[in-house]
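For reference, upload.cif (mmCIF, C-alpha atoms and all ligand atoms):
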```
data_structure
#
loop_
_atom_site.label_atom_id
_atom_site.label_comp_id
_atom_site.auth_asym_id
_atom_site.auth_seq_id
_atom_site.Cartn_x
_atom_site.Cartn_y
_atom_site.Cartn_z
CA MET A 1 -13.91 -21.47 39.69
CA LEU A 2 -11.33 -22.40 37.12
CA LYS A 3 -14.08 -23.15 34.62
CA PHE A 4 -15.68 -19.80 35.33
CA TRP A 5 -12.36 -18.04 35.00
CA ARG A 6 -11.68 -19.73 31.66
CA GLY A 7 -15.11 -18.76 30.43
CA LEU A 8 -14.50 -15.19 31.35
CA VAL A 9 -11.17 -15.12 29.52
CA ARG A 10 -12.77 -16.58 26.40
CA LYS A 11 -15.53 -14.00 26.49
CA THR A 12 -13.10 -11.13 26.95
CA SER A 13 -10.76 -12.30 24.20
CA GLY A 14 -13.73 -12.79 21.85
CA SER A 15 -14.94 -9.25 22.30
CA THR A 16 -11.54 -7.59 22.17
CA ALA A 17 -9.74 -9.73 19.56
CA ARG A 18 -7.95 -7.40 17.18
CA VAL A 19 -6.09 -7.55 13.90
CA VAL A 20 -3.54 -4.88 13.01
CA ILE A 21 -2.75 -4.58 9.28
CA LEU A 22 0.69 -3.08 8.72
CA MET A 23 1.09 -0.76 5.72
CA TYR A 24 4.47 -0.77 4.02
CA HIS A 25 5.39 0.68 0.62
CA ARG A 26 9.13 0.27 0.06
CA VAL A 27 12.13 -1.56 1.51
CA LEU A 28 15.61 -0.40 0.45
CA PRO A 29 19.20 -0.78 1.65
CA ASP A 30 19.65 3.01 1.60
CA ILE A 31 16.75 5.41 2.13
CA SER A 32 18.58 8.73 1.88
CA ASP A 33 16.28 9.53 -1.09
CA ASN A 34 12.89 9.08 0.61
CA PRO A 35 10.99 12.37 0.15
CA PHE A 36 7.52 10.78 0.45
CA ARG A 37 8.43 8.90 3.64
CA ILE A 38 7.33 5.57 2.29
CA ALA A 39 10.58 3.61 2.63
CA VAL A 40 12.02 1.45 5.41
CA THR A 41 15.60 0.24 5.43
CA GLU A 42 16.27 -3.42 4.79
CA VAL A 43 17.87 -3.65 8.25
CA ASN A 44 14.88 -2.15 10.05
CA PHE A 45 12.45 -4.22 7.99
CA ALA A 46 14.26 -7.40 9.06
CA ALA A 47 14.10 -6.20 12.69
CA HIS A 48 10.34 -5.62 12.35
CA MET A 49 9.81 -9.10 10.86
CA SER A 50 11.96 -10.75 13.50
CA HIS A 51 9.82 -9.19 16.24
CA LEU A 52 6.57 -10.22 14.53
CA ALA A 53 7.72 -13.79 13.93
CA LYS A 54 8.51 -14.22 17.63
CA ASN A 55 5.52 -12.42 19.10
CA TYR A 56 2.42 -12.58 16.90
CA PRO A 57 0.46 -14.93 14.72
CA VAL A 58 1.00 -13.28 11.32
CA ILE A 59 -1.88 -14.27 9.06
CA SER A 60 -2.57 -13.80 5.36
CA MET A 61 -5.32 -11.48 4.14
CA ASP A 62 -7.22 -14.59 2.95
CA GLU A 63 -7.08 -16.00 6.49
CA PHE A 64 -8.16 -12.70 8.04
CA GLU A 65 -11.07 -12.41 5.60
CA ARG A 66 -12.10 -16.02 6.43
CA GLN A 67 -12.03 -15.36 10.19
CA HIS A 68 -13.89 -12.07 9.72
CA LEU A 69 -16.59 -13.81 7.69
CA GLU A 70 -16.96 -16.44 10.41
CA GLY A 71 -17.38 -13.61 12.90
CA ARG A 72 -14.68 -14.98 15.15
CA LEU A 73 -11.02 -14.00 15.26
CA ALA A 74 -8.76 -16.93 16.16
CA GLU A 75 -6.44 -15.03 18.51
CA LYS A 76 -6.59 -11.95 20.66
CA LYS A 77 -3.88 -10.19 18.67
CA GLN A 78 -3.00 -11.00 15.06
CA VAL A 79 -1.06 -9.14 12.39
CA VAL A 80 -1.40 -8.87 8.60
CA ILE A 81 1.49 -7.47 6.54
CA SER A 82 0.61 -5.38 3.47
CA PHE A 83 2.49 -3.42 0.82
CA ASP A 84 1.03 -0.76 -1.51
CA ASP A 85 1.93 0.28 -5.06
CA GLY A 86 4.16 -2.54 -6.41
CA TYR A 87 7.75 -1.28 -6.22
CA ALA A 88 10.43 -3.69 -7.46
CA ASP A 89 12.23 -3.35 -4.12
CA ASN A 90 9.37 -5.36 -2.59
CA PHE A 91 10.60 -8.32 -4.61
CA THR A 92 14.32 -7.64 -4.23
CA TYR A 93 14.53 -6.75 -0.52
CA ALA A 94 11.25 -7.55 1.26
CA LEU A 95 10.50 -10.98 -0.20
CA PRO A 96 13.74 -12.68 0.99
CA VAL A 97 13.19 -11.38 4.55
CA LEU A 98 9.54 -12.52 4.56
CA LYS A 99 10.58 -15.95 3.29
CA ASN A 100 13.35 -16.15 5.86
CA TYR A 101 10.85 -15.65 8.70
CA ASN A 102 8.16 -17.63 6.90
CA LEU A 103 5.70 -14.73 7.07
CA PRO A 104 2.88 -14.14 4.57
CA ALA A 105 2.17 -10.68 3.11
CA ILE A 106 -0.13 -9.13 0.54
CA PHE A 107 1.13 -6.81 -2.21
CA TYR A 108 -1.46 -4.40 -3.64
CA VAL A 109 -0.26 -3.28 -7.06
CA ALA A 110 -1.30 -0.56 -9.53
CA THR A 111 -1.46 -2.63 -12.71
CA ASP A 112 -0.76 0.02 -15.37
CA TYR A 113 2.73 0.40 -13.93
CA ILE A 114 3.58 -3.31 -13.62
CA GLY A 115 5.97 -4.59 -16.24
CA GLY A 116 6.02 -1.23 -18.03
CA ASN A 117 8.73 1.28 -18.70
CA ARG A 118 7.21 4.09 -16.64
CA LEU A 119 7.84 5.29 -13.12
CA PHE A 120 4.93 5.76 -10.72
CA TRP A 121 3.70 9.24 -11.55
CA TRP A 122 4.92 10.77 -8.25
CA ASP A 123 8.41 9.42 -8.95
CA GLU A 124 8.16 10.91 -12.42
CA VAL A 125 7.41 14.27 -10.77
CA LYS A 126 10.40 13.71 -8.46
CA ARG A 127 12.56 13.10 -11.51
CA LEU A 128 11.16 16.19 -13.24
CA VAL A 129 11.94 18.33 -10.18
CA SER A 130 15.44 16.89 -9.85
CA ASN A 131 16.19 17.66 -13.53
CA SER A 132 14.75 21.19 -13.57
CA GLU A 133 16.15 24.54 -12.50
CA SER A 134 12.66 26.00 -12.19
CA LEU A 135 9.09 24.96 -13.00
CA GLN A 136 5.96 26.94 -13.72
CA ILE A 137 3.01 25.07 -12.27
CA GLY A 138 -0.38 26.73 -12.42
CA ASN A 139 0.26 30.33 -11.35
CA ASN A 140 3.36 29.48 -9.32
CA VAL A 141 6.94 29.51 -10.48
CA TYR A 142 9.09 27.24 -8.35
CA ASP A 143 12.78 28.00 -8.00
CA LEU A 144 14.50 24.60 -8.06
CA SER A 145 18.07 25.80 -8.40
CA SER A 146 19.42 24.00 -5.33
CA SER A 147 18.85 20.60 -3.74
CA HIS A 148 17.40 22.36 -0.70
CA LEU A 149 14.81 24.15 -2.86
CA LYS A 150 13.99 20.96 -4.76
CA LYS A 151 13.30 19.19 -1.49
CA LEU A 152 11.29 22.13 -0.20
CA HIS A 153 8.98 22.33 -3.23
CA LEU A 154 8.64 18.68 -4.26
CA LEU A 155 5.74 17.83 -1.94
CA ASN A 156 3.79 20.95 -2.96
CA ILE A 157 4.31 20.14 -6.61
CA VAL A 158 3.23 16.52 -6.09
CA SER A 159 0.07 17.60 -4.26
CA TRP A 160 -0.75 19.97 -7.12
CA PHE A 161 -0.51 17.02 -9.54
CA ARG A 162 -2.65 14.90 -7.23
CA ASN A 163 -5.60 17.22 -7.71
CA LEU A 164 -5.57 16.78 -11.48
CA SER A 165 -7.56 14.16 -13.34
CA VAL A 166 -5.55 11.20 -14.61
CA ASP A 167 -5.70 12.49 -18.22
CA GLU A 168 -4.71 16.01 -17.23
CA ARG A 169 -1.83 14.73 -15.09
CA GLU A 170 -0.53 12.62 -17.95
CA ARG A 171 -0.88 15.53 -20.40
CA MET A 172 0.97 17.94 -18.08
CA LEU A 173 3.77 15.48 -17.42
CA SER A 174 4.34 14.77 -21.10
CA LEU A 175 4.31 18.51 -21.88
CA MET A 176 6.83 19.23 -19.16
CA HIS A 177 9.54 16.79 -20.08
CA HIS A 178 10.60 14.23 -22.61
CA ARG A 179 9.53 10.78 -21.72
CA ASP A 180 12.05 8.26 -22.84
CA ASP A 181 13.51 5.06 -21.55
CA VAL A 182 16.46 6.69 -19.81
CA TRP A 183 14.86 6.14 -16.43
CA LEU A 184 15.34 2.41 -16.87
CA GLU A 185 19.04 3.06 -16.42
CA ASP A 186 19.19 6.02 -14.07
CA HIS A 187 16.11 5.36 -11.96
CA LEU A 188 16.25 1.60 -11.57
CA THR A 189 15.79 1.93 -7.81
CA ASP A 190 12.34 3.45 -8.23
CA ARG A 191 11.04 1.08 -10.88
CA PRO A 192 7.75 -0.83 -10.44
CA MET A 193 7.76 -4.64 -10.37
CA ALA A 194 7.87 -6.78 -13.49
CA TRP A 195 5.34 -9.55 -14.07
CA HIS A 196 7.87 -12.33 -13.45
CA GLU A 197 8.59 -10.76 -10.06
CA LEU A 198 4.90 -10.94 -9.16
CA ASP A 199 4.93 -14.60 -10.24
CA ALA A 200 7.85 -15.18 -7.87
CA MET A 201 5.91 -13.47 -5.06
CA LEU A 202 3.06 -15.94 -5.54
CA ILE A 203 5.44 -18.89 -5.66
CA GLY A 204 6.97 -17.57 -2.42
CA GLY A 205 3.54 -17.85 -0.74
CA MET A 206 2.54 -14.16 -0.96
CA LEU A 207 -0.82 -12.76 -2.08
CA ILE A 208 -1.37 -10.14 -4.77
CA GLY A 209 -4.19 -7.61 -4.45
CA SER A 210 -5.41 -4.75 -6.62
CA HIS A 211 -4.50 -1.09 -6.08
CA SER A 212 -6.36 0.07 -9.26
CA CYS A 213 -4.77 0.58 -12.70
CA LYS A 214 -3.52 4.19 -12.68
CA HIS A 215 -3.64 4.95 -8.94
CA PRO A 216 -6.37 7.66 -8.98
CA SER A 217 -8.55 8.55 -6.03
CA LEU A 218 -11.73 6.60 -6.83
CA GLY A 219 -13.86 9.28 -5.17
CA SER A 220 -12.66 12.05 -7.48
CA ILE A 221 -13.25 10.37 -10.85
CA SER A 222 -16.55 9.40 -12.49
CA GLU A 223 -18.30 6.28 -11.27
CA ASN A 224 -17.75 4.62 -14.64
CA ASP A 225 -14.04 5.39 -14.63
CA ALA A 226 -13.74 4.17 -11.05
CA ARG A 227 -15.49 0.92 -11.96
CA HIS A 228 -13.11 0.48 -14.89
CA GLU A 229 -10.08 1.08 -12.62
CA VAL A 230 -11.18 -1.70 -10.26
CA LEU A 231 -12.51 -4.24 -12.78
CA GLU A 232 -9.70 -3.82 -15.28
CA SER A 233 -6.91 -4.13 -12.72
CA LYS A 234 -8.61 -7.22 -11.28
CA ARG A 235 -8.99 -8.72 -14.77
CA VAL A 236 -5.39 -8.00 -15.77
CA LEU A 237 -3.99 -9.45 -12.53
CA ALA A 238 -6.17 -12.55 -12.66
CA SER A 239 -5.33 -13.28 -16.27
CA ARG A 240 -1.59 -12.54 -16.04
CA LEU A 241 -1.09 -14.35 -12.73
CA ASN A 242 -3.75 -17.01 -13.06
CA VAL A 243 -5.07 -16.57 -9.51
CA PRO A 244 -8.30 -15.07 -8.18
CA ILE A 245 -7.89 -11.43 -7.07
CA LYS A 246 -9.96 -10.90 -3.93
CA HIS A 247 -8.47 -7.97 -2.06
CA PHE A 248 -8.29 -4.26 -2.82
CA SER A 249 -6.44 -1.23 -1.47
CA TYR A 250 -7.96 2.23 -2.15
CA PRO A 251 -5.31 4.53 -3.66
CA TYR A 252 -5.26 8.01 -2.08
CA ASP A 253 -8.32 7.29 -0.07
CA GLU A 254 -8.74 10.55 1.81
CA LYS A 255 -11.47 11.48 -0.67
CA GLU A 256 -13.09 8.07 -0.25
CA VAL A 257 -12.99 8.02 3.50
CA THR A 258 -15.07 10.15 5.82
CA SER A 259 -14.94 9.63 9.55
CA GLY A 260 -13.33 6.23 9.24
CA SER A 261 -15.61 4.58 6.71
CA VAL A 262 -15.49 4.48 2.96
CA MET A 263 -17.98 6.53 0.94
CA PRO A 264 -20.82 4.47 -0.53
CA VAL A 265 -19.81 4.71 -4.21
CA PRO A 266 -16.16 3.48 -4.14
CA ARG A 267 -17.16 0.87 -1.56
CA LYS A 268 -20.03 -0.37 -3.75
CA ILE A 269 -17.80 -0.52 -6.83
CA VAL A 270 -15.18 -2.60 -5.01
CA MET A 271 -17.82 -4.91 -3.56
CA GLU A 272 -19.61 -5.37 -6.88
CA ALA A 273 -16.29 -6.14 -8.54
CA GLY A 274 -16.23 -9.30 -6.45
CA MET A 275 -13.58 -8.22 -3.96
CA LYS A 276 -13.78 -9.82 -0.51
CA SER A 277 -11.97 -7.08 1.40
CA ALA A 278 -10.60 -3.57 0.99
CA VAL A 279 -8.04 -1.63 3.03
CA THR A 280 -7.81 2.11 3.65
CA THR A 281 -5.03 4.27 5.11
CA VAL A 282 -7.16 5.12 8.15
CA HIS A 283 -5.21 4.33 11.30
CA GLY A 284 -6.47 1.67 13.68
CA TYR A 285 -7.00 -2.00 14.43
CA ASN A 286 -9.79 -4.21 13.10
CA THR A 287 -12.31 -6.41 14.89
CA THR A 288 -15.11 -8.63 13.58
CA ALA A 289 -17.29 -5.50 13.75
CA THR A 290 -15.08 -3.52 11.34
CA ASP A 291 -16.52 -3.13 7.83
CA VAL A 292 -14.49 -5.53 5.67
CA PHE A 293 -14.51 -2.93 2.84
CA SER A 294 -13.14 -0.17 5.12
CA LEU A 295 -10.32 -1.97 6.93
CA LYS A 296 -7.93 0.17 8.92
CA ARG A 297 -4.15 -0.05 8.78
CA MET A 298 -1.05 1.07 10.61
CA TYR A 299 1.44 3.28 8.74
CA ILE A 300 4.99 2.04 9.24
CA ASP A 301 7.89 4.48 9.27
CA ASP A 302 11.59 3.65 9.22
CA TRP A 303 11.59 2.71 12.91
CA ASP A 304 14.27 0.66 14.61
CA GLN A 305 13.05 -2.39 16.51
CA THR A 306 12.42 -0.52 19.77
CA LEU A 307 10.25 2.12 18.11
CA PHE A 308 8.48 -0.54 16.05
CA ILE A 309 7.60 -2.47 19.23
CA GLU A 310 6.32 0.70 20.93
CA ASN A 311 4.20 1.61 17.94
CA ILE A 312 2.74 -1.83 17.36
CA ASN A 313 1.89 -2.22 21.05
CA TYR A 314 0.14 1.14 20.86
CA ALA A 315 -1.74 0.14 17.68
CA PHE A 316 -3.43 -2.74 19.51
CA GLU A 317 -4.67 -0.42 22.28
ZN ZN B 401 -0.57 3.79 -3.39
#
```

How does the structure come out when it is put into structure tokens?
Ligand SMILES: [Zn+2]
Amino acid sequence: MLKFWRGLVRKTSGSTARVVILMYHRVLPDISDNPFRIAVTEVNFAAHMSHLAKNYPVISMDEFERQHLEGRLAEKKQVVISFDDGYADNFTYALPVLKNYNLPAIFYVATDYIGGNRLFWWDEVKRLVSNSESLQIGNNVYDLSSSHLKKLHLLNIVSWFRNLSVDERERMLSLMHHRDDVWLEDHLTDRPMAWHELDAMLIGGMLIGSHSCKHPSLGSISENDARHEVLESKRVLASRLNVPIKHFSYPYDEKEVTSGSVMPVPRKIVMEAGMKSAVTTVHGYNTTATDVFSLKRMYIDDWDQTLFIENINYAFE
């Protein structure tokens, strides 16, 4: 009877074993300036990590990919921690907490921004909005004369920029304001990581993955450009960091993803580039049956520990 019971448990856990991949972007001491809702406070992040360390096997993306390839997940519930974009706060605030709890994570970075003197383009738009009294964008004139109006219009303005090609976006941004190095002083909080910070991530036991070069939606640019975005960011990362780059995160993947799986072209490009896995922003858990190039993730908001526990429990259901 006991043997039978054990067998049953094994069978059940084999067929329902799940991996939830958490999707973070930023960790900061103060998130009062968080218009894109991508930041978590340092305090809440530590509370999340403390819960994970006590309650789940937290595995690296390499380990998940290995288990997935074997077709057998080692535990019924496992967690992977991931970060998108490559903000410097990942190094300053997230890394010490991860090291403290001895948890692995993967950082998917957009290589054109690493070690440069430019903000991520959406932060550049944020800066433009905060420094302007009004902006003419397309046929619309946005009144930005108060902080309330700036807040109100920022997301619309950012989504307008999102629909442009990379070249057009760059051209518009340089026409609209003077690019200089001032942001290095007044926008230090929003800066992308430097190369030596990525080196320190690796030394700290973290993984680095690719999030393209310029952060375009791969489904809305030409196939050749998309291939360049993936191959070039992989090449730059591998040569600067001296490690193989095996994992990818689709930037702005709503155009790549239809009904939960990635469109054939971006998926093929990522696979042919030699990646072993790719994550989307589609919500859900992963099993051995999930396409390893269309992995689902769980968006993490600035939840306290109670809300985090509720949400992560729900994500495994
Ligand atoms: Zn991103």

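Picture a line from CA of Ser233 (chain A) to CA of Pro266 (chain A); it runs 14.7 Å.
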
*Using CA of Asp85 (chain A) and CA of Ser32 (chain A) as the two end points, give the distance in Å to one decimal.*
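So the answer is 19.9 Å.
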
Could you produce a table of the residues of chain A lying within 7 Å of ligand ZN 401 (chain B), with the nearest pair of atoms per residue and their separation in Å rounded to one decimal, using only C-alpha atoms and all ligand atoms, ordered by chain and increasing residue number, as CSV?
```
residue,atom,partner,partner_atom,distance
A:Asp84,CA,B:ZN401,ZN,5.2
A:Asp85,CA,B:ZN401,ZN,4.6
A:His211,CA,B:ZN401,ZN,6.8
A:His215,CA,B:ZN401,ZN,6.4
A:Pro251,CA,B:ZN401,ZN,4.8
A:Tyr252,CA,B:ZN401,ZN,6.4
```

Can you write out the residues you just picked, keeping C-alpha atoms, as a PDB file, in the coordinates of the input?
```pdb
ATOM      1  CA  ASP A  84       1.030  -0.760  -1.510  1.00  0.00           C
ATOM      2  CA  ASP A  85       1.930   0.280  -5.060  1.00  0.00           C
ATOM      3  CA  HIS A 211      -4.500  -1.090  -6.080  1.00  0.00           C
ATOM      4  CA  HIS A 215      -3.640   4.950  -8.940  1.00  0.00           C
ATOM      5  CA  PRO A 251      -5.310   4.530  -3.660  1.00  0.00           C
ATOM      6  CA  TYR A 252      -5.260   8.010  -2.080  1.00  0.00           C
TER       7      TYR A 252
END
```

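Residue nearest Lys234 (chain A), chosen from A:Ile300, A:Ala110, A:Leu119, A:Ala289 and counting only C-alpha atoms: A:Ala110.
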
*Tell me which of A:Ala315, A:Met176, A:Leu135, A:Val270 sits closest to His247 (chain A), counting all atoms listed in the file.*
A:Val270

Starting from the block above, write region 220-255 of chain A out to a file with N, CA and C atoms, as a PDB file, in the first residue's frame, please.
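out21.pdb, written as the output of this step:
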```pdb
ATOM      1  N   SER A 220       8.557  43.569 -35.013  1.00  0.00           N
ATOM      2  CA  SER A 220       8.169  44.742 -35.803  1.00  0.00           C
ATOM      3  C   SER A 220       9.337  45.335 -36.577  1.00  0.00           C
ATOM      4  N   ILE A 221      10.479  44.642 -36.592  1.00  0.00           N
ATOM      5  CA  ILE A 221      11.599  45.095 -37.424  1.00  0.00           C
ATOM      6  C   ILE A 221      11.884  44.000 -38.460  1.00  0.00           C
ATOM      7  N   SER A 222      12.742  44.297 -39.438  1.00  0.00           N
ATOM      8  CA  SER A 222      12.983  43.297 -40.490  1.00  0.00           C
ATOM      9  C   SER A 222      13.684  42.084 -39.890  1.00  0.00           C
ATOM     10  N   GLU A 223      13.564  40.961 -40.586  1.00  0.00           N
ATOM     11  CA  GLU A 223      14.166  39.732 -40.090  1.00  0.00           C
ATOM     12  C   GLU A 223      15.686  39.890 -39.939  1.00  0.00           C
ATOM     13  N   ASN A 224      16.285  40.588 -40.912  1.00  0.00           N
ATOM     14  CA  ASN A 224      17.737  40.810 -40.839  1.00  0.00           C
ATOM     15  C   ASN A 224      18.129  41.647 -39.638  1.00  0.00           C
ATOM     16  N   ASP A 225      17.359  42.714 -39.400  1.00  0.00           N
ATOM     17  CA  ASP A 225      17.652  43.568 -38.245  1.00  0.00           C
ATOM     18  C   ASP A 225      17.453  42.797 -36.941  1.00  0.00           C
ATOM     19  N   ALA A 226      16.399  41.980 -36.908  1.00  0.00           N
ATOM     20  CA  ALA A 226      16.129  41.204 -35.692  1.00  0.00           C
ATOM     21  C   ALA A 226      17.267  40.222 -35.435  1.00  0.00           C
ATOM     22  N   ARG A 227      17.752  39.593 -36.517  1.00  0.00           N
ATOM     23  CA  ARG A 227      18.862  38.649 -36.361  1.00  0.00           C
ATOM     24  C   ARG A 227      20.097  39.373 -35.836  1.00  0.00           C
ATOM     25  N   HIS A 228      20.331  40.578 -36.372  1.00  0.00           N
ATOM     26  CA  HIS A 228      21.488  41.359 -35.909  1.00  0.00           C
ATOM     27  C   HIS A 228      21.341  41.691 -34.417  1.00  0.00           C
ATOM     28  N   GLU A 229      20.145  42.094 -34.003  1.00  0.00           N
ATOM     29  CA  GLU A 229      19.903  42.441 -32.589  1.00  0.00           C
ATOM     30  C   GLU A 229      20.274  41.280 -31.658  1.00  0.00           C
ATOM     31  N   VAL A 230      19.916  40.064 -32.071  1.00  0.00           N
ATOM     32  CA  VAL A 230      20.154  38.902 -31.207  1.00  0.00           C
ATOM     33  C   VAL A 230      21.627  38.481 -31.270  1.00  0.00           C
ATOM     34  N   LEU A 231      22.150  38.345 -32.504  1.00  0.00           N
ATOM     35  CA  LEU A 231      23.526  37.854 -32.652  1.00  0.00           C
ATOM     36  C   LEU A 231      24.547  38.836 -32.099  1.00  0.00           C
ATOM     37  N   GLU A 232      24.323  40.128 -32.371  1.00  0.00           N
ATOM     38  CA  GLU A 232      25.299  41.127 -31.943  1.00  0.00           C
ATOM     39  C   GLU A 232      25.316  41.262 -30.416  1.00  0.00           C
ATOM     40  N   SER A 233      24.144  41.233 -29.793  1.00  0.00           N
ATOM     41  CA  SER A 233      24.137  41.363 -28.332  1.00  0.00           C
ATOM     42  C   SER A 233      24.770  40.127 -27.687  1.00  0.00           C
ATOM     43  N   LYS A 234      24.533  38.966 -28.294  1.00  0.00           N
ATOM     44  CA  LYS A 234      25.165  37.738 -27.790  1.00  0.00           C
ATOM     45  C   LYS A 234      26.690  37.818 -27.944  1.00  0.00           C
ATOM     46  N   ARG A 235      27.127  38.301 -29.117  1.00  0.00           N
ATOM     47  CA  ARG A 235      28.568  38.387 -29.381  1.00  0.00           C
ATOM     48  C   ARG A 235      29.251  39.365 -28.413  1.00  0.00           C
ATOM     49  N   VAL A 236      28.621  40.542 -28.252  1.00  0.00           N
ATOM     50  CA  VAL A 236      29.203  41.566 -27.378  1.00  0.00           C
ATOM     51  C   VAL A 236      29.299  41.049 -25.938  1.00  0.00           C
ATOM     52  N   LEU A 237      28.219  40.435 -25.464  1.00  0.00           N
ATOM     53  CA  LEU A 237      28.220  39.926 -24.085  1.00  0.00           C
ATOM     54  C   LEU A 237      29.272  38.838 -23.899  1.00  0.00           C
ATOM     55  N   ALA A 238      29.313  37.898 -24.857  1.00  0.00           N
ATOM     56  CA  ALA A 238      30.255  36.787 -24.723  1.00  0.00           C
ATOM     57  C   ALA A 238      31.691  37.291 -24.755  1.00  0.00           C
ATOM     58  N   SER A 239      31.963  38.287 -25.616  1.00  0.00           N
ATOM     59  CA  SER A 239      33.356  38.715 -25.709  1.00  0.00           C
ATOM     60  C   SER A 239      33.737  39.646 -24.551  1.00  0.00           C
ATOM     61  N   ARG A 240      32.807  40.481 -24.092  1.00  0.00           N
ATOM     62  CA  ARG A 240      33.148  41.361 -22.966  1.00  0.00           C
ATOM     63  C   ARG A 240      33.216  40.610 -21.639  1.00  0.00           C
ATOM     64  N   LEU A 241      32.363  39.597 -21.490  1.00  0.00           N
ATOM     65  CA  LEU A 241      32.265  38.913 -20.190  1.00  0.00           C
ATOM     66  C   LEU A 241      32.985  37.569 -20.165  1.00  0.00           C
ATOM     67  N   ASN A 242      33.331  37.102 -21.381  1.00  0.00           N
ATOM     68  CA  ASN A 242      34.056  35.844 -21.467  1.00  0.00           C
ATOM     69  C   ASN A 242      33.285  34.637 -20.921  1.00  0.00           C
ATOM     70  N   VAL A 243      31.990  34.627 -21.154  1.00  0.00           N
ATOM     71  CA  VAL A 243      31.148  33.478 -20.780  1.00  0.00           C
ATOM     72  C   VAL A 243      30.194  33.191 -21.944  1.00  0.00           C
ATOM     73  N   PRO A 244      29.744  31.945 -22.072  1.00  0.00           N
ATOM     74  CA  PRO A 244      28.741  31.682 -23.117  1.00  0.00           C
ATOM     75  C   PRO A 244      27.411  32.336 -22.756  1.00  0.00           C
ATOM     76  N   ILE A 245      26.716  32.886 -23.746  1.00  0.00           N
ATOM     77  CA  ILE A 245      25.414  33.534 -23.513  1.00  0.00           C
ATOM     78  C   ILE A 245      24.340  32.627 -24.095  1.00  0.00           C
ATOM     79  N   LYS A 246      23.521  32.036 -23.217  1.00  0.00           N
ATOM     80  CA  LYS A 246      22.620  30.964 -23.655  1.00  0.00           C
ATOM     81  C   LYS A 246      21.132  31.295 -23.519  1.00  0.00           C
ATOM     82  N   HIS A 247      20.846  32.411 -22.875  1.00  0.00           N
ATOM     83  CA  HIS A 247      19.437  32.681 -22.565  1.00  0.00           C
ATOM     84  C   HIS A 247      19.042  34.068 -23.057  1.00  0.00           C
ATOM     85  N   PHE A 248      17.785  34.155 -23.522  1.00  0.00           N
ATOM     86  CA  PHE A 248      17.302  35.390 -24.154  1.00  0.00           C
ATOM     87  C   PHE A 248      15.970  35.806 -23.541  1.00  0.00           C
ATOM     88  N   SER A 249      15.744  37.111 -23.515  1.00  0.00           N
ATOM     89  CA  SER A 249      14.448  37.654 -23.092  1.00  0.00           C
ATOM     90  C   SER A 249      13.952  38.577 -24.201  1.00  0.00           C
ATOM     91  N   TYR A 250      12.767  38.279 -24.777  1.00  0.00           N
ATOM     92  CA  TYR A 250      12.217  39.104 -25.863  1.00  0.00           C
ATOM     93  C   TYR A 250      11.841  40.481 -25.313  1.00  0.00           C
ATOM     94  N   PRO A 251      12.376  41.575 -25.891  1.00  0.00           N
ATOM     95  CA  PRO A 251      11.936  42.897 -25.437  1.00  0.00           C
ATOM     96  C   PRO A 251      10.565  43.201 -26.046  1.00  0.00           C
ATOM     97  N   TYR A 252       9.690  43.816 -25.309  1.00  0.00           N
ATOM     98  CA  TYR A 252       8.360  44.194 -25.808  1.00  0.00           C
ATOM     99  C   TYR A 252       7.748  43.101 -26.633  1.00  0.00           C
ATOM    100  N   ASP A 253       7.418  41.981 -26.017  1.00  0.00           N
ATOM    101  CA  ASP A 253       7.110  40.840 -26.854  1.00  0.00           C
ATOM    102  C   ASP A 253       5.648  40.724 -27.261  1.00  0.00           C
ATOM    103  N   GLU A 254       4.844  41.750 -26.982  1.00  0.00           N
ATOM    104  CA  GLU A 254       3.429  41.555 -27.354  1.00  0.00           C
ATOM    105  C   GLU A 254       3.244  41.344 -28.850  1.00  0.00           C
ATOM    106  N   LYS A 255       4.194  41.889 -29.654  1.00  0.00           N
ATOM    107  CA  LYS A 255       4.090  41.676 -31.101  1.00  0.00           C
ATOM    108  C   LYS A 255       4.665  40.321 -31.511  1.00  0.00           C
TER     109      LYS A 255
END
```
